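Undergrad: Sharing entry_14.pdb (PDB, C-alpha atoms) below.
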ATOM      1  CA  MET A  19     -32.961  13.030  -5.966
ATOM      2  CA  ASP A  20     -31.017  11.129  -3.280
ATOM      3  CA  ARG A  21     -28.814  13.878  -1.860
ATOM      4  CA  PHE A  22     -26.213  11.571  -0.354
ATOM      5  CA  LEU A  23     -25.946   9.595  -3.591
ATOM      6  CA  VAL A  24     -25.541  12.827  -5.550
ATOM      7  CA  MET A  25     -22.941  14.213  -3.153
ATOM      8  CA  ASN A  26     -20.975  10.969  -3.208
ATOM      9  CA  THR A  27     -21.034  10.915  -7.015
ATOM     10  CA  PHE A  28     -19.870  14.514  -7.283
ATOM     11  CA  VAL A  29     -17.087  13.984  -4.724
ATOM     12  CA  ARG A  30     -15.804  10.970  -6.666
ATOM     13  CA  VAL A  31     -15.853  12.922  -9.946
ATOM     14  CA  VAL A  32     -13.858  15.807  -8.461
ATOM     15  CA  GLU A  33     -11.336  13.465  -6.856
ATOM     16  CA  ALA A  34     -10.903  11.423 -10.036
ATOM     17  CA  SER A  35     -11.049  14.465 -12.415
ATOM     18  CA  SER A  36     -12.983  12.208 -14.760
ATOM     19  CA  PHE A  37     -16.504  10.854 -15.249
ATOM     20  CA  SER A  38     -15.162   7.492 -16.424
ATOM     21  CA  ARG A  39     -12.731   6.980 -13.528
ATOM     22  CA  ALA A  40     -15.407   8.002 -11.032
ATOM     23  CA  ALA A  41     -17.807   5.542 -12.660
ATOM     24  CA  ARG A  42     -15.274   2.719 -12.203
ATOM     25  CA  VAL A  43     -14.864   3.552  -8.522
ATOM     26  CA  LEU A  44     -18.636   3.752  -8.035
ATOM     27  CA  GLU A  45     -19.184   0.644 -10.194
ATOM     28  CA  VAL A  46     -21.833   2.299 -12.361
ATOM     29  CA  GLY A  47     -21.939   3.364 -15.983
ATOM     30  CA  GLN A  48     -20.368   6.634 -17.078
ATOM     31  CA  PRO A  49     -23.684   7.977 -18.484
ATOM     32  CA  ALA A  50     -25.263   7.621 -15.031
ATOM     33  CA  VAL A  51     -22.455   9.669 -13.467
ATOM     34  CA  SER A  52     -22.660  12.392 -16.119
ATOM     35  CA  LYS A  53     -26.440  12.561 -15.777
ATOM     36  CA  THR A  54     -26.267  12.842 -11.976
ATOM     37  CA  VAL A  55     -23.837  15.779 -12.160
ATOM     38  CA  ALA A  56     -25.905  17.472 -14.885
ATOM     39  CA  GLN A  57     -29.068  17.140 -12.770
ATOM     40  CA  LEU A  58     -27.220  18.564  -9.762
ATOM     41  CA  GLU A  59     -26.025  21.580 -11.774
ATOM     42  CA  GLN A  60     -29.557  22.111 -13.067
ATOM     43  CA  ARG A  61     -31.049  21.945  -9.574
ATOM     44  CA  LEU A  62     -28.476  24.371  -8.127
ATOM     45  CA  GLY A  63     -28.502  26.651 -11.155
ATOM     46  CA  VAL A  64     -24.686  26.907 -11.299
ATOM     47  CA  LYS A  65     -21.854  25.336 -13.267
ATOM     48  CA  LEU A  66     -19.883  22.971 -11.013
ATOM     49  CA  LEU A  67     -17.326  21.454 -13.401
ATOM     50  CA  LEU A  68     -15.149  22.674 -16.250
ATOM     51  CA  ARG A  69     -13.039  20.674 -18.687
ATOM     52  CA  SER A  70      -9.292  21.369 -18.562
ATOM     53  CA  THR A  71      -6.169  19.863 -20.102
ATOM     54  CA  HIS A  72      -5.960  17.578 -17.048
ATOM     55  CA  GLY A  73      -9.591  16.463 -17.184
ATOM     56  CA  LEU A  74     -12.480  17.810 -15.157
ATOM     57  CA  ALA A  75     -11.873  20.595 -12.634
ATOM     58  CA  PRO A  76     -14.353  22.145 -10.206
ATOM     59  CA  THR A  77     -15.438  25.740 -10.616
ATOM     60  CA  GLU A  78     -15.354  27.996  -7.558
ATOM     61  CA  ALA A  79     -18.934  26.967  -6.806
ATOM     62  CA  GLY A  80     -18.043  23.322  -7.459
ATOM     63  CA  LEU A  81     -15.111  23.468  -5.064
ATOM     64  CA  ARG A  82     -17.308  24.917  -2.310
ATOM     65  CA  PHE A  83     -19.904  22.196  -2.897
ATOM     66  CA  TYR A  84     -17.197  19.503  -2.913
ATOM     67  CA  GLU A  85     -15.718  20.632   0.406
ATOM     68  CA  ARG A  86     -19.097  20.746   2.162
ATOM     69  CA  ALA A  87     -20.271  17.483   0.574
ATOM     70  CA  LEU A  88     -17.084  15.702   1.650
ATOM     71  CA  VAL A  89     -17.566  16.757   5.262
ATOM     72  CA  ALA A  90     -21.246  15.763   5.168
ATOM     73  CA  LEU A  91     -20.447  12.287   3.833
ATOM     74  CA  GLN A  92     -17.710  11.708   6.391
ATOM     75  CA  GLU A  93     -19.921  12.867   9.258
ATOM     76  CA  ALA A  94     -22.751  10.647   8.039
ATOM     77  CA  ASP A  95     -20.425   7.616   8.017
ATOM     78  CA  GLU A  96     -19.180   8.387  11.505
ATOM     79  CA  ALA A  97     -22.734   8.970  12.769
ATOM     80  CA  GLU A  98     -23.898   5.589  11.488
ATOM     81  CA  LEU A  99     -20.959   3.825  13.082
ATOM     82  CA  ALA A 100     -21.546   5.597  16.388
ATOM     83  CA  ALA A 101     -25.242   4.684  16.327
ATOM     84  CA  ARG A 102     -24.502   1.020  15.668
ATOM     85  CA  GLY A 103     -21.997   0.876  18.499
ATOM     86  CA  ALA A 104     -18.384  -0.197  18.429
ATOM     87  CA  GLY A 105     -19.199  -3.832  19.111
ATOM     88  CA  THR A 106     -21.326  -4.440  16.022
ATOM     89  CA  GLY A 107     -18.486  -4.142  13.517
ATOM     90  CA  LEU A 108     -17.973  -2.096  10.399
ATOM     91  CA  SER A 109     -19.987  -2.159   7.213
ATOM     92  CA  GLY A 110     -19.851  -0.977   3.627
ATOM     93  CA  ARG A 111     -16.912  -1.117   1.226
ATOM     94  CA  LEU A 112     -13.253  -0.573   2.072
ATOM     95  CA  ARG A 113     -10.703  -0.077  -0.728
ATOM     96  CA  VAL A 114      -7.123  -0.950   0.194
ATOM     97  CA  SER A 115      -3.966  -0.815  -1.909
ATOM     98  CA  ALA A 116      -0.762  -2.751  -1.213
ATOM     99  CA  ALA A 117       2.308  -4.182  -2.915
ATOM    100  CA  PRO A 118       1.466  -7.648  -4.295
ATOM    101  CA  THR A 119       4.290  -9.578  -2.603
ATOM    102  CA  PHE A 120       3.759  -8.030   0.809
ATOM    103  CA  ALA A 121      -0.016  -8.495   0.610
ATOM    104  CA  ARG A 122       0.274 -12.108  -0.518
ATOM    105  CA  LEU A 123       2.615 -13.034   2.326
ATOM    106  CA  HIS A 124       1.374 -10.913   5.210
ATOM    107  CA  VAL A 125      -2.101  -9.474   4.607
ATOM    108  CA  ILE A 126      -4.230 -11.845   2.542
ATOM    109  CA  PRO A 127      -3.614 -14.890   4.808
ATOM    110  CA  HIS A 128      -5.101 -12.883   7.704
ATOM    111  CA  LEU A 129      -8.034 -11.314   5.813
ATOM    112  CA  PRO A 130     -10.499 -14.086   6.791
ATOM    113  CA  ARG A 131     -10.129 -13.048  10.430
ATOM    114  CA  PHE A 132     -10.672  -9.366   9.634
ATOM    115  CA  LEU A 133     -13.761 -10.133   7.547
ATOM    116  CA  ALA A 134     -15.097 -12.483  10.224
ATOM    117  CA  GLU A 135     -14.861  -9.667  12.758
ATOM    118  CA  HIS A 136     -16.837  -7.375  10.441
ATOM    119  CA  PRO A 137     -19.411  -9.445   8.516
ATOM    120  CA  GLY A 138     -20.999  -6.306   7.080
ATOM    121  CA  LEU A 139     -17.759  -5.158   5.459
ATOM    122  CA  GLU A 140     -16.559  -5.718   1.883
ATOM    123  CA  VAL A 141     -12.867  -5.234   1.056
ATOM    124  CA  ASP A 142     -11.452  -4.382  -2.376
ATOM    125  CA  VAL A 143      -7.690  -5.034  -2.423
ATOM    126  CA  VAL A 144      -5.810  -3.220  -5.198
ATOM    127  CA  LEU A 145      -2.421  -4.890  -5.704
ATOM    128  CA  ASP A 146       0.193  -2.644  -7.290
ATOM    129  CA  ASP A 147       3.894  -1.958  -6.675
ATOM    130  CA  ARG A 148       3.430   1.583  -7.983
ATOM    131  CA  THR A 149       2.602   4.561  -5.778
ATOM    132  CA  ILE A 150      -0.926   5.103  -7.029
ATOM    133  CA  ASP A 151      -3.111   8.192  -6.687
ATOM    134  CA  LEU A 152      -5.305   7.344  -3.705
ATOM    135  CA  ILE A 153      -7.986   9.900  -4.453
ATOM    136  CA  ALA A 154      -8.254   9.130  -8.170
ATOM    137  CA  GLU A 155      -8.477   5.393  -7.455
ATOM    138  CA  GLY A 156     -10.888   5.786  -4.543
ATOM    139  CA  ILE A 157      -8.491   4.172  -2.052
ATOM    140  CA  ASP A 158      -9.322   4.477   1.660
ATOM    141  CA  VAL A 159      -5.934   3.317   2.960
ATOM    142  CA  SER A 160      -2.695   2.297   1.248
ATOM    143  CA  LEU A 161       0.049   0.107   2.700
ATOM    144  CA  ARG A 162       3.396   1.528   1.571
ATOM    145  CA  MET A 163       6.964   0.615   2.414
ATOM    146  CA  GLY A 164      10.131   2.662   2.565
ATOM    147  CA  THR A 165      10.570   6.412   2.770
ATOM    148  CA  LEU A 166       7.454   8.381   1.903
ATOM    149  CA  ALA A 167       8.280  10.688  -0.997
ATOM    150  CA  ASP A 168       5.415  13.076  -0.232
ATOM    151  CA  THR A 169       5.923  14.601   3.215
ATOM    152  CA  GLY A 170       2.432  16.120   3.070
ATOM    153  CA  VAL A 171       0.566  12.812   3.151
ATOM    154  CA  VAL A 172      -1.464  11.641   6.123
ATOM    155  CA  ALA A 173       0.358   8.519   7.282
ATOM    156  CA  ARG A 174       0.861   6.264  10.280
ATOM    157  CA  LYS A 175       3.898   4.026  10.791
ATOM    158  CA  LEU A 176       2.808   0.442  11.452
ATOM    159  CA  ALA A 177       6.012  -1.606  11.631
ATOM    160  CA  SER A 178       9.695  -1.851  10.657
ATOM    161  CA  SER A 179      11.737  -4.714   9.263
ATOM    162  CA  PRO A 180      15.481  -5.325   9.017
ATOM    163  CA  ARG A 181      17.025  -5.540   5.553
ATOM    164  CA  SER A 182      19.823  -7.951   4.749
ATOM    165  CA  VAL A 183      21.779  -9.531   1.939
ATOM    166  CA  LEU A 184      19.934 -12.789   1.331
ATOM    167  CA  ALA A 185      20.500 -15.904  -0.748
ATOM    168  CA  THR A 186      19.377 -19.522  -0.905
ATOM    169  CA  LYS A 187      21.479 -22.309   0.553
ATOM    170  CA  GLU A 188      21.700 -23.812  -2.941
ATOM    171  CA  TYR A 189      23.225 -20.670  -4.432
ATOM    172  CA  LEU A 190      25.723 -20.342  -1.574
ATOM    173  CA  ALA A 191      26.764 -23.982  -1.905
ATOM    174  CA  ARG A 192      27.551 -23.288  -5.555
ATOM    175  CA  ALA A 193      29.100 -19.805  -5.337
ATOM    176  CA  GLY A 194      30.462 -19.543  -1.799
ATOM    177  CA  VAL A 195      29.573 -17.284   1.126
ATOM    178  CA  PRO A 196      30.613 -13.591   1.030
ATOM    179  CA  LEU A 197      32.366 -12.554   4.243
ATOM    180  CA  VAL A 198      32.810  -8.799   3.650
ATOM    181  CA  PRO A 199      30.973  -6.362   1.361
ATOM    182  CA  ALA A 200      33.854  -6.352  -1.148
ATOM    183  CA  ASP A 201      33.205 -10.057  -1.813
ATOM    184  CA  LEU A 202      29.859  -9.131  -3.389
ATOM    185  CA  ALA A 203      31.638  -7.938  -6.530
ATOM    186  CA  ASP A 204      32.423 -11.604  -7.310
ATOM    187  CA  HIS A 205      28.820 -12.773  -6.941
ATOM    188  CA  GLU A 206      25.736 -12.759  -9.099
ATOM    189  CA  THR A 207      23.316 -10.212  -7.670
ATOM    190  CA  ILE A 208      19.631  -9.536  -8.199
ATOM    191  CA  VAL A 209      18.766  -5.856  -8.097
ATOM    192  CA  PHE A 210      15.894  -3.461  -8.465
ATOM    193  CA  SER A 211      16.121  -1.657 -11.785
ATOM    194  CA  GLN A 212      17.008   1.692 -10.199
ATOM    195  CA  SER A 213      20.474   0.954  -8.778
ATOM    196  CA  ASN A 214      23.256  -1.596  -8.536
ATOM    197  CA  VAL A 215      25.226   0.211  -5.798
ATOM    198  CA  TRP A 216      24.799  -1.343  -2.346
ATOM    199  CA  ASN A 217      25.696   0.702   0.753
ATOM    200  CA  PHE A 218      26.669  -0.785   4.125
ATOM    201  CA  SER A 219      27.751   0.611   7.489
ATOM    202  CA  ARG A 220      29.536  -0.714  10.578
ATOM    203  CA  ASP A 221      30.972   1.155  13.562
ATOM    204  CA  GLY A 222      30.694   4.477  11.753
ATOM    205  CA  THR A 223      32.332   3.152   8.576
ATOM    206  CA  GLU A 224      30.406   3.457   5.306
ATOM    207  CA  VAL A 225      31.150   1.072   2.428
ATOM    208  CA  SER A 226      29.666   1.165  -1.100
ATOM    209  CA  VAL A 227      29.902  -1.777  -3.473
ATOM    210  CA  LEU A 228      29.170  -1.781  -7.201
ATOM    211  CA  VAL A 229      27.518  -5.157  -7.716
ATOM    212  CA  ARG A 230      27.205  -7.198 -10.886
ATOM    213  CA  GLY A 231      23.493  -7.118 -11.464
ATOM    214  CA  ARG A 232      22.880  -9.140 -14.622
ATOM    215  CA  ALA A 233      19.236  -9.652 -13.620
ATOM    216  CA  ARG A 234      17.248  -6.511 -12.833
ATOM    217  CA  PHE A 235      13.606  -6.353 -11.801
ATOM    218  CA  SER A 236      11.099  -3.543 -11.392
ATOM    219  CA  ALA A 237       8.923  -5.287  -8.791
ATOM    220  CA  ALA A 238       9.480  -7.113  -5.529
ATOM    221  CA  GLU A 239       7.852 -10.298  -6.825
ATOM    222  CA  GLY A 240      10.573 -10.559  -9.471
ATOM    223  CA  ILE A 241      13.313 -10.165  -6.864
ATOM    224  CA  ARG A 242      11.738 -12.850  -4.697
ATOM    225  CA  ALA A 243      11.239 -15.298  -7.556
ATOM    226  CA  ALA A 244      14.818 -14.825  -8.789
ATOM    227  CA  VAL A 245      16.335 -15.433  -5.350
ATOM    228  CA  LEU A 246      14.240 -18.581  -4.898
ATOM    229  CA  ALA A 247      15.426 -19.743  -8.335
ATOM    230  CA  ASP A 248      18.992 -19.676  -6.916
ATOM    231  CA  MET A 249      20.035 -16.905  -9.305
ATOM    232  CA  GLY A 250      22.089 -14.917  -6.804
ATOM    233  CA  LEU A 251      22.144 -12.530  -3.855
ATOM    234  CA  ALA A 252      19.656  -9.741  -3.160
ATOM    235  CA  ILE A 253      19.055  -7.047  -0.587
ATOM    236  CA  ALA A 254      15.570  -7.487   0.816
ATOM    237  CA  SER A 255      13.519  -7.123   3.968
ATOM    238  CA  ASP A 256      12.824 -10.038   6.265
ATOM    239  CA  TRP A 257       9.173  -9.555   5.298
ATOM    240  CA  MET A 258       9.837 -10.536   1.698
ATOM    241  CA  PHE A 259      11.338 -13.915   2.628
ATOM    242  CA  SER A 260       9.817 -14.657   6.021
ATOM    243  CA  PRO A 261       8.687 -18.250   5.178
ATOM    244  CA  GLU A 262      12.066 -19.198   3.703
ATOM    245  CA  LEU A 263      14.063 -17.546   6.493
ATOM    246  CA  ALA A 264      11.986 -19.518   8.977
ATOM    247  CA  ASP A 265      12.564 -22.889   7.289
ATOM    248  CA  GLY A 266      16.225 -22.226   6.479
ATOM    249  CA  ARG A 267      15.997 -22.212   2.692
ATOM    250  CA  VAL A 268      17.193 -18.580   2.627
ATOM    251  CA  ARG A 269      20.083 -17.247   4.724
ATOM    252  CA  ARG A 270      21.056 -13.780   5.916
ATOM    253  CA  LEU A 271      24.616 -12.765   4.996
ATOM    254  CA  LEU A 272      27.082 -10.106   6.183
ATOM    255  CA  GLU A 273      25.168  -9.811   9.444
ATOM    256  CA  ASN A 274      27.982  -7.770  11.009
ATOM    257  CA  TRP A 275      27.213  -5.007   8.509
ATOM    258  CA  SER A 276      24.107  -2.823   8.717
ATOM    259  CA  LEU A 277      21.551  -1.770   6.156
ATOM    260  CA  PRO A 278      18.739   0.726   6.896
ATOM    261  CA  ASP A 279      15.505  -0.852   8.132
ATOM    262  CA  ILE A 280      12.411  -0.528   5.963
ATOM    263  CA  ASP A 281       9.196   0.948   7.390
ATOM    264  CA  LEU A 282       5.596  -0.003   6.708
ATOM    265  CA  TRP A 283       3.103   2.866   6.585
ATOM    266  CA  ALA A 284      -0.646   3.203   6.417
ATOM    267  CA  VAL A 285      -1.260   6.151   4.101
ATOM    268  CA  PHE A 286      -4.631   7.893   3.949
ATOM    269  CA  PRO A 287      -5.920  10.233   1.212
ATOM    270  CA  THR A 288      -4.828  13.815   1.775
ATOM    271  CA  GLY A 289      -7.662  16.217   2.521
ATOM    272  CA  ARG A 290      -9.984  13.620   4.004
ATOM    273  CA  LEU A 291     -10.689  12.415   7.479
ATOM    274  CA  ALA A 292      -9.535   8.805   7.717
ATOM    275  CA  THR A 293     -12.684   6.680   7.922
ATOM    276  CA  ALA A 294     -13.342   4.340  10.813
ATOM    277  CA  LYS A 295     -12.979   1.446   8.364
ATOM    278  CA  ALA A 296      -9.559   2.647   7.206
ATOM    279  CA  ARG A 297      -8.365   3.189  10.777
ATOM    280  CA  ALA A 298      -9.570  -0.262  11.817
ATOM    281  CA  PHE A 299      -7.759  -1.889   8.904
ATOM    282  CA  ALA A 300      -4.537  -0.038   9.775
ATOM    283  CA  ARG A 301      -4.808  -1.296  13.368
ATOM    284  CA  PHE A 302      -5.442  -4.803  12.052
ATOM    285  CA  VAL A 303      -2.289  -4.751   9.878
ATOM    286  CA  GLU A 304      -0.245  -3.269  12.723
ATOM    287  CA  ASP A 305      -1.419  -6.153  14.897
ATOM    288  CA  VAL A 306      -0.627  -8.698  12.173
ATOM    289  CA  MET A 307       2.927  -7.397  11.799
ATOM    290  CA  ARG A 308       3.844  -7.843  15.447
ATOM    291  CA  PRO A 309       6.915 -10.107  15.708
ATOM    292  CA  GLY A 310       6.170 -13.813  15.882
ATOM    293  CA  LEU A 311       2.673 -13.653  14.395
ATOM    294  CA  THR A 312       1.725 -16.240  11.766
ATOM    295  CA  PRO A 313      -1.596 -17.021  10.069
ATOM    296  CA  GLU A 314      -1.731 -20.218  12.158
ATOM    297  CA  HIS A 315      -1.100 -18.298  15.407
ATOM    298  CA  PRO A 316      -3.016 -15.030  15.156
ATOM    299  CA  SER A 317      -3.023 -12.403  17.817
ATOM    300  CA  PRO A 318      -6.121 -11.673  19.918
ATOM    301  CA  VAL A 319      -9.067 -10.023  18.173
ATOM    302  CA  LEU A 320      -8.817  -6.220  17.980
TER
END
Translate this file's structure into structure tokens.
TA:
Amino acid sequence: MDRFLVMNTFVRVVEASSFSRAARVLEVGQPAVSKTVAQLEQRLGVKLLLRSTHGLAPTEAGLRFYERALVALQEADEAELAARGAGTGLSGRLRVSAAPTFARLHVIPHLPRFLAEHPGLEVDVVLDDRTIDLIAEGIDVSLRMGTLADTGVVARKLASSPRSVLATKEYLARAGVPLVPADLADHETIVFSQSNVWNFSRDGTEVSVLVRGRARFSAAEGIRAAVLADMGLAIASDWMFSPELADGRVRRLLENWSLPDIDLWAVFPTGRLATAKARAFARFVEDVMRPGLTPEHPSPVL
């Protein structure tokens, strides 16, 4: 029995609370996962997992084994990296999650450089606007934007972007240019499904505007597509429209009024040491997001 394989399988099962979800992360069949755990329980002579209403849960013995196995796996990864030396690159599989629009515009165009630096590394990119369960999905590092709802997560701030009211030149030529927040009530607006109240500030003055959001979207890609279809105004980060802001197709409006910036975070699974691969990817994205960087003009190699 390969002890590291067994420990890795058991850790994935505990973190996913499911044989089937662990099997998907490990890319093996569910029967193989179940058999590995059964053989481990037989060898140790103790019950490690119990079924609950929420799936599989570790027994007291299972939790102790999980905690020690997790540390052993992390230390083994770090030992291998140290033995290879920092200059030889990373290896193995790295699972990353990110919002589809942000990844398409700012991460994926730079991935060839990251992979070229680390020829032994494979990267799985999970694209989802939802806040997914990092442990259940086997994610090593997640790129998230905005305010982190869970204050207990392990996170590192990578960058910030201004947010503005944005629209295409074509829409503005048709509907006119708003000069003050109150003018927004007379415009077509494109909003996230949660709210159609926009809040602005200037010189200590706070202004709220109830906008006419006939088109509502639950994902950033919908907001972006609607703006580029000349459907109306939207509040968005510079990141979401960086190509169009650069070529002039999209304009910033009400620039004398302020909206809160939006932050980009690298979030790591709670309860684990961030792997060297995850830390390197976070540094890579932080480097990519430095002002003025484009895929055609990358920054120096990390």
Undergrad: Using all atoms listed in the file, determine which residues lie at most 12 Å from A:Pro130, disregarding the query and same-chain residues fewer than 2 positions distant; provide the list as a ChimeraX atom specification.
TA: /A:125-128,132-137,139-141,302,313-314,316
Undergrad: Within 6 Å of stretch 153-159 of chain A, counting all atoms listed in the file, which residues show up once you throw out same-chain ones fewer than 5 positions away? Write them as a PyMOL selection string, please.
TA: chain A and resi 33-34+113-114+285-286+296
Undergrad: Could you tell me how far atom CA of A:Pro278 lies from atom CA of A:Lys175, in Å and to one decimal?
TA: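 A separation of 15.7 Å between them.
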Undergrad: For stretch 75-86 of chain A, list every protein, DNA or RNA residue within 12 Å, evaluated using only C-alpha atoms, and leave out those in the same chain fewer than 2 positions away; present the list as a ChimeraX atom specification.
TA: /A:22,24-37,55,58-59,62-73,88-93,289-291
Undergrad: Can you pull out the residues contacting stretch 220-235 of chain A? Cut-off 9 Å, using all atoms listed in the file, and skip same-chain residues under 4 positions away; I want them as an MDAnalysis selection string.
TA: chainID A and resid 199:200 202:212 214:216 239:241 244 249 274:276
Undergrad: Go ahead and write the residues just picked, C-alpha atoms, as a compact mmCIF listing (two decimals), in the frame of the given file.
TA:
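The new file out-v8.txt reads:
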# COMPACT_ATOMS: atom_id res chain seq x y z
CA PRO A 199 30.97 -6.36 1.36
CA ALA A 200 33.85 -6.35 -1.15
CA LEU A 202 29.86 -9.13 -3.39
CA ALA A 203 31.64 -7.94 -6.53
CA ASP A 204 32.42 -11.60 -7.31
CA HIS A 205 28.82 -12.77 -6.94
CA GLU A 206 25.74 -12.76 -9.10
CA THR A 207 23.32 -10.21 -7.67
CA ILE A 208 19.63 -9.54 -8.20
CA VAL A 209 18.77 -5.86 -8.10
CA PHE A 210 15.89 -3.46 -8.46
CA SER A 211 16.12 -1.66 -11.78
CA GLN A 212 17.01 1.69 -10.20
CA ASN A 214 23.26 -1.60 -8.54
CA VAL A 215 25.23 0.21 -5.80
CA TRP A 216 24.80 -1.34 -2.35
CA GLU A 239 7.85 -10.30 -6.82
CA GLY A 240 10.57 -10.56 -9.47
CA ILE A 241 13.31 -10.16 -6.86
CA ALA A 244 14.82 -14.82 -8.79
CA MET A 249 20.04 -16.90 -9.30
CA ASN A 274 27.98 -7.77 11.01
CA TRP A 275 27.21 -5.01 8.51
CA SER A 276 24.11 -2.82 8.72
Undergrad: In Å, how far is it from atom CA of A:Ala116 to atom CA of A:Leu161?
TA: 4.9 Å
Undergrad: Just to confirm, what's the straight-line distance from atom CA of A:Leu277 to atom CA of A:Ser213 in Å (one decimal)?
TA: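 Answer for the atom CA of A:Leu277 to atom CA of A:Ser213 separation: 15.2 Å.
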Undergrad: Leaving out A:Leu184 and any residue of its chain fewer than 5 positions from it, which residues lie within 9 Å of it when counting all atoms listed in the file, given as a list of chain:residue names?
TA: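 Surrounding residues, per the criterion: A:Val245, A:Gly250, A:Leu251, A:Ala252, A:Ile253, A:Ala254, A:Ser255, A:Phe259, A:Val268, A:Arg269, A:Arg270, A:Leu271.
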